[in-house]
Amino acid sequence: MEKSIWKNTKIANGNLIEELAKLKNQSGKDIIVYGGGTFVTSLINANQIDEFHLFINPTAIGNGMTIFKGLYKNQNLKLKIAKQFDCGIAMLCYEHD
């Protein structure tokens with residue numbers, strides 16, 4: 001991918017951890033990253049996530065994929081914000097303790 005239809009978007013090609021580290025060292029606003037379990041775990045292991053925004057759906061399921069599988073070390077987190085939406089979803093924002 002070389003171009004994005006979204007405004008204020010940068011396409012990173014190559015080593016994503018290195019690209020993200022470069023972006024974090026620049027001045028500017030927050031960086032939001034969306035991705036699956038493997039991608040998120042690689043960012044956690046590279047110490048590139050400052051805040052975790054977890055959305056909890058009020059549904060019980062019997063199995064699924066964890067976003068924290070394969071971590072090199074435990075992540076001690078501190079609750080920063082908890083927000084409840086009218087639909088029943090809760091958003092929990094954590095930062096490193």
# chains A, B, ... in the order shown; residues from 1 in each chain; ligands from 1

call {"tool": "select_by_dssp", "arguments": {"residues": "stretch 15-90 of chain A", "states": "strand (DSSP E or B)", "output": "ChimeraX atom specification"}}
result
/A:51-56,77-84,90

call {"tool": "residues_around", "arguments": {"residues": "stretch 28-36 of chain A", "least_positions_apart": "6", "cutoff": "12 Å", "atoms": "only C-alpha atoms", "output": "number ranges by chain"}}
result
A: 8-10, 12, 16-17, 19-22, 42-44, 48-54, 65-69

call {"tool": "select_by_dssp", "arguments": {"residues": "stretch 25-96 of chain A", "states": "helix (DSSP H, G or I)", "output": "list in words"}}
result
Gly37, Thr38, Phe39, Val40, Thr41, Ser42, Leu43, Ile44 and Asn45 of chain A

call {"tool": "write_last_selection", "arguments": {"atoms": "N, CA and C atoms", "output": "PDB file, in the first residue's frame"}}
result
ATOM      1  N   GLY A  37      -4.245  -9.608  17.330  1.00  0.00           N
ATOM      2  CA  GLY A  37      -3.468 -10.054  18.473  1.00  0.00           C
ATOM      3  C   GLY A  37      -1.972 -10.114  18.247  1.00  0.00           C
ATOM      4  N   THR A  38      -1.545 -10.645  17.120  1.00  0.00           N
ATOM      5  CA  THR A  38      -0.110 -10.769  16.848  1.00  0.00           C
ATOM      6  C   THR A  38       0.542  -9.400  16.724  1.00  0.00           C
ATOM      7  N   PHE A  39      -0.118  -8.493  16.020  1.00  0.00           N
ATOM      8  CA  PHE A  39       0.415  -7.142  15.834  1.00  0.00           C
ATOM      9  C   PHE A  39       0.501  -6.404  17.166  1.00  0.00           C
ATOM     10  N   VAL A  40      -0.582  -6.456  17.949  1.00  0.00           N
ATOM     11  CA  VAL A  40      -0.606  -5.772  19.242  1.00  0.00           C
ATOM     12  C   VAL A  40       0.462  -6.337  20.175  1.00  0.00           C
ATOM     13  N   THR A  41       0.594  -7.660  20.210  1.00  0.00           N
ATOM     14  CA  THR A  41       1.609  -8.287  21.063  1.00  0.00           C
ATOM     15  C   THR A  41       3.007  -7.832  20.672  1.00  0.00           C
ATOM     16  N   SER A  42       3.283  -7.719  19.378  1.00  0.00           N
ATOM     17  CA  SER A  42       4.614  -7.277  18.948  1.00  0.00           C
ATOM     18  C   SER A  42       4.883  -5.848  19.399  1.00  0.00           C
ATOM     19  N   LEU A  43       3.862  -4.997  19.399  1.00  0.00           N
ATOM     20  CA  LEU A  43       4.040  -3.622  19.872  1.00  0.00           C
ATOM     21  C   LEU A  43       4.236  -3.569  21.382  1.00  0.00           C
ATOM     22  N   ILE A  44       3.506  -4.406  22.119  1.00  0.00           N
ATOM     23  CA  ILE A  44       3.684  -4.463  23.576  1.00  0.00           C
ATOM     24  C   ILE A  44       5.095  -4.936  23.909  1.00  0.00           C
ATOM     25  N   ASN A  45       5.543  -5.995  23.247  1.00  0.00           N
ATOM     26  CA  ASN A  45       6.880  -6.537  23.514  1.00  0.00           C
ATOM     27  C   ASN A  45       7.985  -5.550  23.156  1.00  0.00           C
TER      28      ASN A  45
END

call {"tool": "residues_around", "arguments": {"residues": "stretch 90-93 of chain A", "least_positions_apart": "6", "cutoff": "12 Å", "atoms": "only C-alpha atoms", "output": "list in words"}}
result
Asp50, Glu51, Phe52, His53, Leu54, Phe55, Ile56, Asn57, Pro58, Thr59, Leu77, Lys78, Leu79, Lys80, Ile81, Ala82, Lys83 and Gln84 of chain A

call {"tool": "atom_distance", "arguments": {"atom1": "atom CA of A:Asn15", "atom2": "atom CA of A:Asn47"}}
result
14.9 Å

call {"tool": "atom_distance", "arguments": {"atom1": "atom CA of A:Tyr94", "atom2": "atom CA of A:Asn74"}}
result
14.1 Å

call {"tool": "atom_distance", "arguments": {"atom1": "atom CA of A:Ser4", "atom2": "atom CA of A:Ala46"}}
result
25.7 Å
